[in-house]
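Colleague: Okay, here's the structure, questions in a sec.
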Amino acid sequence: METVCKVVDSNVNSQINYTQAVDILNAGEVVAFPTETVYGLGAIATNDLAVKKIFKAKGRPSDNPLIVHVGTKEEVAIYIDHISDIAKQCMDLFWPGPLTLVMPAKPNVLAKSVTAGLSTVGIRMPDHPVALALLQQLQKPLAAPSANRSGKPSPTEAVHVLDDLEGYIPYILDGGSTGIGLESTVLDVTHEPPVILRPGGITKEMLEAKIGPVIQPTTIEQKLDTTPKAPGMKYTHYAPNAPVYLIDCDVEKVNEAVLHLQRQGHRVALLAPVNFEEIKVDFYFSIGEAGSKEEMGAALYNALRACDKTTATVILATTTSKEGVGAAIMNRLEKASGGKWYSL
């Protein structure tokens with residue numbers, strides 16, 4: 001399969017590219033497109049055959065549910081059985097934006113492959129001009145996980161989608177680099193109080209300031225025996241080719257670890273803040289200023305992907321606190337590393 005990648009910007013010719021994307025989706029195929037979080041791989045969420053092509057292209061397990069993207073808040077009532085007051089409040093406060101709401105799905109409306117057999121579904125309205133233009137021109141919901149091979153770091157640029165999915169999908173809308181760089185927060189509003197199933201750019205603190213108490217798991221999710229209610233809960237995600245180890249954000253400790261690994265014959269890649277650049281490591285990737293979680297979140301997947309372009313045999317990733325968006329960063333690092341910490 002040939003994969004076509006088309007740039008969409010303010011140029012008048014961009015409308016042609018949107019029209020092509022809509023035609024491809026209506027024909028039951030998949031299209032990759034940017035959101036404010038990462039690039040998504042979309043198929044019409046009511047077409048089960050089309051949705052199954054997402055799983056095939058990604059190599060994604062079929063018991064991993066998909067998030068449905070909509071272009072307007074009004075569409076939600078078509079797919080959701082009951083929209084609670086808290087759900088309405090969250091939509092008014094945080095949509096469009098990086099917040100997915102897990103709600104009870106109407107029976108026999110969405111494709112079975114979207115919900116993975118669950119009675120609930122996650123829905124969000126993305127805050128990106130390309131995503132919104134595509135959804136509003138299509139006038140149908142898109143089931144869309146991240147546009148990467150399953151388990152790999154999520155794509156924040158169109159070139160990342162090409163690296164993973166060229167030959168697997170027909171079309172990519174290139175809208176440049178994404179903003180936040182971490183997938184949306186997934187909030188299950190079928191519980192009281194609501195539960196964060198996956199931390200993201202909308203933090204626990206931001207939610208509680210507006211809607212009251214919210215539960216957020218404090219440790220890495222364990223593998224589940226049942227179907228998870230949100231993406232990223234059951235399987236290893238966000239992992240580059242070389243093994244990733246977490247390490248405290250301490251220059252002396254990192255330097256000692258690098259020297260020890262190099263003496264063992266390893267080629268070491270380091271993901272760390274800018275003040276770690278003096279460490280004599282084989283490959284160094286800055287993740288922004290120390291303490292700037294927003295910079296770290298935006299740079300994380302790009303850095304993890306960059307490691308695959310090196311000959312590194314081991315990757316050290318410095319950690320951050322779990323306050324604010326740090327919870328999302330640590331969630332992704334724990335998944336990328338499988339929860340492994342470096343120790344001498």
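Identifiers in the structure tokens: chain A, B, ... in order shown; residue index from 1 per chain; ligand index from 1 in order shown.
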Within stretch 85-191 of chain A, find each residue whose DSSP state, derived from the backbone, is strand (DSSP E), and express the selection as a list in words.

Modeller: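 Taking stretch 85-191 of chain A and keeping strand (DSSP E) gives Leu99, Thr100, Leu101, Val102, Met103, Pro104, Thr120, Val121, Gly122, Ile123, Arg124, Leu142, Ala143, Tyr171, Ile172, Leu173, Asp174, Thr185, Val186, Leu187 and Asp188 of chain A.
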
Colleague: Report as a ChimeraX atom specification all protein, DNA and RNA residues lying within 12 Å of A:Ala239, evaluated on only C-alpha atoms, omitting residues in the same chain fewer than 3 positions from it.

Modeller: /A:148-154,235-236,242-245,300-308,314-315,317,332-339

Colleague: Please measure the separation of atom CA of A:Lys253 and atom CA of A:Leu182, giving the value in Å to one decimal.

Modeller: 27.3 Å

Colleague: Can you pull out the residues contacting A:Pro145? Cut-off 6 Å, using only C-alpha atoms, and skip same-chain residues under 3 positions away; I want them as a list in words.

Modeller: Gly40, Leu41 and Leu66 of chain A

Colleague: Please determine, counting only C-alpha atoms, which residue among A:Ser177, A:Asn13, A:Thr319, A:Gln89 has the shortest atom-to-atom distance to A:Ile211.

Modeller: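 That would be A:Gln89, the residue with the smallest distance to A:Ile211.
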
Colleague: Assign secondary structure with DSSP using the backbone only, and return the residues of stretch 141-293 of chain A in helix (DSSP H, G or I) as a count of residues only.

Modeller: 33

Colleague: If you count only C-alpha atoms, which residues fall within 9 Å of A:Ile247, apart from same-chain ones fewer than 5 positions away, as a ChimeraX atom specification?

Modeller: /A:253-254,257,316-319,341-343

Colleague: For those residues, write all heavy atoms to a file as an mmCIF file, in the first residue's frame.

Modeller:
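Ended up saving to again.cif:
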data_model
loop_
_atom_site.group_PDB
_atom_site.id
_atom_site.type_symbol
_atom_site.label_atom_id
_atom_site.label_comp_id
_atom_site.auth_asym_id
_atom_site.auth_seq_id
_atom_site.Cartn_x
_atom_site.Cartn_y
_atom_site.Cartn_z
ATOM 1 N N LYS A 253 24.310 10.887 40.638
ATOM 2 C CA LYS A 253 23.811 9.512 40.515
ATOM 3 C C LYS A 253 23.767 9.080 39.049
ATOM 4 O O LYS A 253 24.122 7.943 38.719
ATOM 5 C CB LYS A 253 22.415 9.424 41.139
ATOM 6 C CG LYS A 253 21.863 8.009 41.218
ATOM 7 C CD LYS A 253 20.500 7.986 41.902
ATOM 8 C CE LYS A 253 20.614 8.250 43.391
ATOM 9 N NZ LYS A 253 19.316 8.021 44.080
ATOM 10 N N VAL A 254 23.344 9.971 38.157
ATOM 11 C CA VAL A 254 23.282 9.639 36.728
ATOM 12 C C VAL A 254 24.674 9.423 36.165
ATOM 13 O O VAL A 254 24.917 8.470 35.408
ATOM 14 C CB VAL A 254 22.536 10.746 35.945
ATOM 15 C CG1 VAL A 254 22.661 10.514 34.438
ATOM 16 C CG2 VAL A 254 21.066 10.791 36.343
ATOM 17 N N ALA A 257 25.951 6.071 37.150
ATOM 18 C CA ALA A 257 25.273 5.013 36.411
ATOM 19 C C ALA A 257 25.801 4.896 34.986
ATOM 20 O O ALA A 257 26.028 3.784 34.477
ATOM 21 C CB ALA A 257 23.774 5.289 36.384
ATOM 22 N N LEU A 316 18.709 5.594 29.810
ATOM 23 C CA LEU A 316 18.412 6.097 31.143
ATOM 24 C C LEU A 316 17.497 7.305 31.001
ATOM 25 O O LEU A 316 17.795 8.223 30.228
ATOM 26 C CB LEU A 316 19.686 6.506 31.878
ATOM 27 C CG LEU A 316 20.651 5.391 32.285
ATOM 28 C CD1 LEU A 316 21.897 5.994 32.937
ATOM 29 C CD2 LEU A 316 19.986 4.402 33.246
ATOM 30 N N ALA A 317 16.405 7.322 31.734
ATOM 31 C CA ALA A 317 15.466 8.447 31.692
ATOM 32 C C ALA A 317 15.298 9.011 33.092
ATOM 33 O O ALA A 317 14.914 8.282 34.012
ATOM 34 C CB ALA A 317 14.114 7.996 31.138
ATOM 35 N N THR A 318 15.608 10.292 33.258
ATOM 36 C CA THR A 318 15.455 10.909 34.574
ATOM 37 C C THR A 318 13.974 11.164 34.868
ATOM 38 O O THR A 318 13.185 11.421 33.973
ATOM 39 C CB THR A 318 16.228 12.235 34.663
ATOM 40 O OG1 THR A 318 15.743 13.129 33.654
ATOM 41 C CG2 THR A 318 17.717 12.008 34.482
ATOM 42 N N THR A 319 13.631 11.079 36.128
ATOM 43 C CA THR A 319 12.232 11.157 36.541
ATOM 44 C C THR A 319 11.878 12.553 37.045
ATOM 45 O O THR A 319 12.736 13.425 37.172
ATOM 46 C CB THR A 319 11.945 10.132 37.639
ATOM 47 O OG1 THR A 319 12.786 10.409 38.775
ATOM 48 C CG2 THR A 319 12.217 8.719 37.147
ATOM 49 N N TRP A 341 13.697 0.418 37.391
ATOM 50 C CA TRP A 341 14.577 1.482 37.853
ATOM 51 C C TRP A 341 16.012 1.004 37.791
ATOM 52 O O TRP A 341 16.291 -0.177 38.024
ATOM 53 C CB TRP A 341 14.235 1.884 39.283
ATOM 54 C CG TRP A 341 13.020 2.741 39.393
ATOM 55 C CD1 TRP A 341 11.721 2.372 39.243
ATOM 56 C CD2 TRP A 341 13.000 4.158 39.649
ATOM 57 N NE1 TRP A 341 10.881 3.431 39.382
ATOM 58 C CE2 TRP A 341 11.628 4.556 39.640
ATOM 59 C CE3 TRP A 341 13.982 5.110 39.890
ATOM 60 C CZ2 TRP A 341 11.240 5.872 39.860
ATOM 61 C CZ3 TRP A 341 13.595 6.426 40.111
ATOM 62 C CH2 TRP A 341 12.235 6.798 40.095
ATOM 63 N N TYR A 342 16.932 1.915 37.467
ATOM 64 C CA TYR A 342 18.345 1.538 37.414
ATOM 65 C C TYR A 342 18.912 1.486 38.824
ATOM 66 O O TYR A 342 18.695 2.362 39.635
ATOM 67 C CB TYR A 342 19.166 2.514 36.587
ATOM 68 C CG TYR A 342 20.618 2.111 36.533
ATOM 69 C CD1 TYR A 342 21.028 1.096 35.682
ATOM 70 C CD2 TYR A 342 21.561 2.672 37.403
ATOM 71 C CE1 TYR A 342 22.341 0.663 35.670
ATOM 72 C CE2 TYR A 342 22.866 2.257 37.382
ATOM 73 C CZ TYR A 342 23.255 1.244 36.508
ATOM 74 O OH TYR A 342 24.551 0.801 36.516
ATOM 75 N N SER A 343 19.648 0.413 39.107
ATOM 76 C CA SER A 343 20.370 0.322 40.387
ATOM 77 C C SER A 343 21.706 -0.336 40.136
ATOM 78 O O SER A 343 21.834 -1.256 39.318
ATOM 79 C CB SER A 343 19.561 -0.496 41.406
ATOM 80 O OG SER A 343 19.321 -1.804 40.921
#

Colleague: Quick one: everything within 10 Å of A:Gly212, counting only C-alpha atoms, minus sequence neighbours fewer than 3 positions away in the same chain. Send it as a ChimeraX atom specification.

Modeller: /A:86,193-194,204-209

Colleague: Just to be explicit: take each residue in the selection above, keep N, CA and C atoms, and write the result as an mmCIF file, in the first residue's frame.

Modeller:
data_model
loop_
_atom_site.group_PDB
_atom_site.id
_atom_site.type_symbol
_atom_site.label_atom_id
_atom_site.label_comp_id
_atom_site.auth_asym_id
_atom_site.auth_seq_id
_atom_site.Cartn_x
_atom_site.Cartn_y
_atom_site.Cartn_z
ATOM 1 N N ILE A 86 -21.789 15.844 35.811
ATOM 2 C CA ILE A 86 -20.333 16.057 35.860
ATOM 3 C C ILE A 86 -19.739 15.982 34.456
ATOM 4 N N PRO A 193 -16.599 9.403 43.322
ATOM 5 C CA PRO A 193 -16.141 10.459 42.415
ATOM 6 C C PRO A 193 -15.505 9.882 41.142
ATOM 7 N N PRO A 194 -15.320 10.720 40.116
ATOM 8 C CA PRO A 194 -14.713 10.250 38.873
ATOM 9 C C PRO A 194 -13.292 9.721 39.095
ATOM 10 N N LYS A 204 -5.117 16.207 37.609
ATOM 11 C CA LYS A 204 -6.007 15.984 38.755
ATOM 12 C C LYS A 204 -6.308 17.302 39.452
ATOM 13 N N GLU A 205 -5.271 18.129 39.613
ATOM 14 C CA GLU A 205 -5.436 19.411 40.288
ATOM 15 C C GLU A 205 -6.381 20.331 39.511
ATOM 16 N N MET A 206 -6.244 20.347 38.195
ATOM 17 C CA MET A 206 -7.111 21.178 37.357
ATOM 18 C C MET A 206 -8.565 20.719 37.447
ATOM 19 N N LEU A 207 -8.766 19.403 37.426
ATOM 20 C CA LEU A 207 -10.114 18.857 37.514
ATOM 21 C C LEU A 207 -10.746 19.156 38.872
ATOM 22 N N GLU A 208 -9.992 18.916 39.943
ATOM 23 C CA GLU A 208 -10.554 19.089 41.287
ATOM 24 C C GLU A 208 -10.893 20.547 41.582
ATOM 25 N N ALA A 209 -10.159 21.456 40.963
ATOM 26 C CA ALA A 209 -10.456 22.879 41.161
ATOM 27 C C ALA A 209 -11.814 23.263 40.578
#

Colleague: Which residue out of A:Met125, A:Val38, A:Leu165, A:Val51 has the minimum interatomic distance to A:Asp92 when only C-alpha atoms are used?

Modeller: A:Met125

Colleague: Which residues are close to A:Ile202, i.e. within 10 Å by only C-alpha atoms, leaving aside same-chain residues fewer than 2 positions away? Reply as a list of chain:residue names.

Modeller: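 In the requested form, the answer reads A:Phe94, A:Gly97, A:Pro98, A:Leu99, A:Thr100, A:Ser184, A:Thr185, A:Val186, A:Leu187, A:Pro199, A:Gly200, A:Lys204, A:Glu205, A:Met206, A:Leu207, A:Gly324, A:Val325, A:Ala328.
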
Colleague: Just write the chosen residues, N, CA and C atoms, as a PDB file, in the first residue's frame.

Modeller:
ATOM      1  N   PHE A  94     -13.653  21.939  29.640  1.00  0.00           N
ATOM      2  CA  PHE A  94     -12.380  21.453  29.099  1.00  0.00           C
ATOM      3  C   PHE A  94     -12.420  21.055  27.624  1.00  0.00           C
ATOM      4  N   GLY A  97     -10.353  20.011  24.000  1.00  0.00           N
ATOM      5  CA  GLY A  97      -9.142  19.901  24.805  1.00  0.00           C
ATOM      6  C   GLY A  97      -8.776  18.459  25.078  1.00  0.00           C
ATOM      7  N   PRO A  98      -7.650  18.248  25.781  1.00  0.00           N
ATOM      8  CA  PRO A  98      -7.107  16.901  25.975  1.00  0.00           C
ATOM      9  C   PRO A  98      -7.742  16.136  27.131  1.00  0.00           C
ATOM     10  N   LEU A  99      -9.072  16.061  27.137  1.00  0.00           N
ATOM     11  CA  LEU A  99      -9.794  15.317  28.160  1.00  0.00           C
ATOM     12  C   LEU A  99     -10.773  14.357  27.498  1.00  0.00           C
ATOM     13  N   THR A 100     -10.573  13.062  27.751  1.00  0.00           N
ATOM     14  CA  THR A 100     -11.481  12.017  27.281  1.00  0.00           C
ATOM     15  C   THR A 100     -12.388  11.608  28.426  1.00  0.00           C
ATOM     16  N   SER A 184      -4.331  12.333  25.799  1.00  0.00           N
ATOM     17  CA  SER A 184      -5.328  12.991  26.640  1.00  0.00           C
ATOM     18  C   SER A 184      -5.491  12.299  27.984  1.00  0.00           C
ATOM     19  N   THR A 185      -5.917  13.071  28.961  1.00  0.00           N
ATOM     20  CA  THR A 185      -6.364  12.513  30.233  1.00  0.00           C
ATOM     21  C   THR A 185      -7.649  11.729  29.984  1.00  0.00           C
ATOM     22  N   VAL A 186      -7.746  10.529  30.560  1.00  0.00           N
ATOM     23  CA  VAL A 186      -8.972   9.739  30.450  1.00  0.00           C
ATOM     24  C   VAL A 186      -9.643   9.715  31.817  1.00  0.00           C
ATOM     25  N   LEU A 187     -10.851  10.270  31.877  1.00  0.00           N
ATOM     26  CA  LEU A 187     -11.592  10.387  33.130  1.00  0.00           C
ATOM     27  C   LEU A 187     -12.874   9.559  33.045  1.00  0.00           C
ATOM     28  N   PRO A 199      -3.544   9.515  33.212  1.00  0.00           N
ATOM     29  CA  PRO A 199      -3.247  10.937  33.402  1.00  0.00           C
ATOM     30  C   PRO A 199      -2.755  11.575  32.114  1.00  0.00           C
ATOM     31  N   GLY A 200      -3.018  12.870  31.954  1.00  0.00           N
ATOM     32  CA  GLY A 200      -2.597  13.594  30.756  1.00  0.00           C
ATOM     33  C   GLY A 200      -2.495  15.069  31.030  1.00  0.00           C
ATOM     34  N   LYS A 204      -5.117  16.207  37.609  1.00  0.00           N
ATOM     35  CA  LYS A 204      -6.007  15.984  38.755  1.00  0.00           C
ATOM     36  C   LYS A 204      -6.308  17.302  39.452  1.00  0.00           C
ATOM     37  N   GLU A 205      -5.271  18.129  39.613  1.00  0.00           N
ATOM     38  CA  GLU A 205      -5.436  19.411  40.288  1.00  0.00           C
ATOM     39  C   GLU A 205      -6.381  20.331  39.511  1.00  0.00           C
ATOM     40  N   MET A 206      -6.244  20.347  38.195  1.00  0.00           N
ATOM     41  CA  MET A 206      -7.111  21.178  37.357  1.00  0.00           C
ATOM     42  C   MET A 206      -8.565  20.719  37.447  1.00  0.00           C
ATOM     43  N   LEU A 207      -8.766  19.403  37.426  1.00  0.00           N
ATOM     44  CA  LEU A 207     -10.114  18.857  37.514  1.00  0.00           C
ATOM     45  C   LEU A 207     -10.746  19.156  38.872  1.00  0.00           C
ATOM     46  N   GLY A 324       0.854  17.649  39.227  1.00  0.00           N
ATOM     47  CA  GLY A 324       0.423  18.233  37.961  1.00  0.00           C
ATOM     48  C   GLY A 324       0.612  17.280  36.802  1.00  0.00           C
ATOM     49  N   VAL A 325       1.145  17.803  35.687  1.00  0.00           N
ATOM     50  CA  VAL A 325       1.344  16.977  34.495  1.00  0.00           C
ATOM     51  C   VAL A 325       2.461  15.960  34.708  1.00  0.00           C
ATOM     52  N   ALA A 328       1.306  12.411  34.419  1.00  0.00           N
ATOM     53  CA  ALA A 328       1.223  11.872  33.067  1.00  0.00           C
ATOM     54  C   ALA A 328       2.604  11.473  32.554  1.00  0.00           C
TER      55      ALA A 328
END

Colleague: By how many Å are atom CA of A:Arg263 and atom CA of A:Phe276 apart?

Modeller: 19.7 Å

Colleague: Find the residue from A:Thr320, A:Lys58, A:Leu110, A:Val8 that sits nearest to A:Val76; use only C-alpha atoms when measuring.

Modeller: A:Leu110

Colleague: Nearest residue to A:Glu256 out of A:Leu138, A:Val4, A:Ile279, A:Ile83, using only C-alpha atoms?

Modeller: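 Ranked by minimum distance to A:Glu256, first place goes to A:Ile279.
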
Colleague: So which residues touch A:Lys53 within 12 Å, counting only C-alpha atoms, skipping near sequence neighbours fewer than 4 positions away, as a list of chain:residue names?

Modeller: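 Using only C-alpha atoms, the neighbours found are A:Leu25, A:Gly28, A:Glu29, A:Val30, A:Val31, A:Leu41, A:Gly42, A:Ala43, A:Ile44, A:Ala45, A:Asn47, A:Asp48, A:Leu49, A:Ala57, A:Lys58, A:Gly59, A:Arg60, A:Ser62, A:Ser113, A:Val114, A:Ala143, A:Ala144, A:Pro145, A:Tyr168, A:Ile169, A:Pro170.
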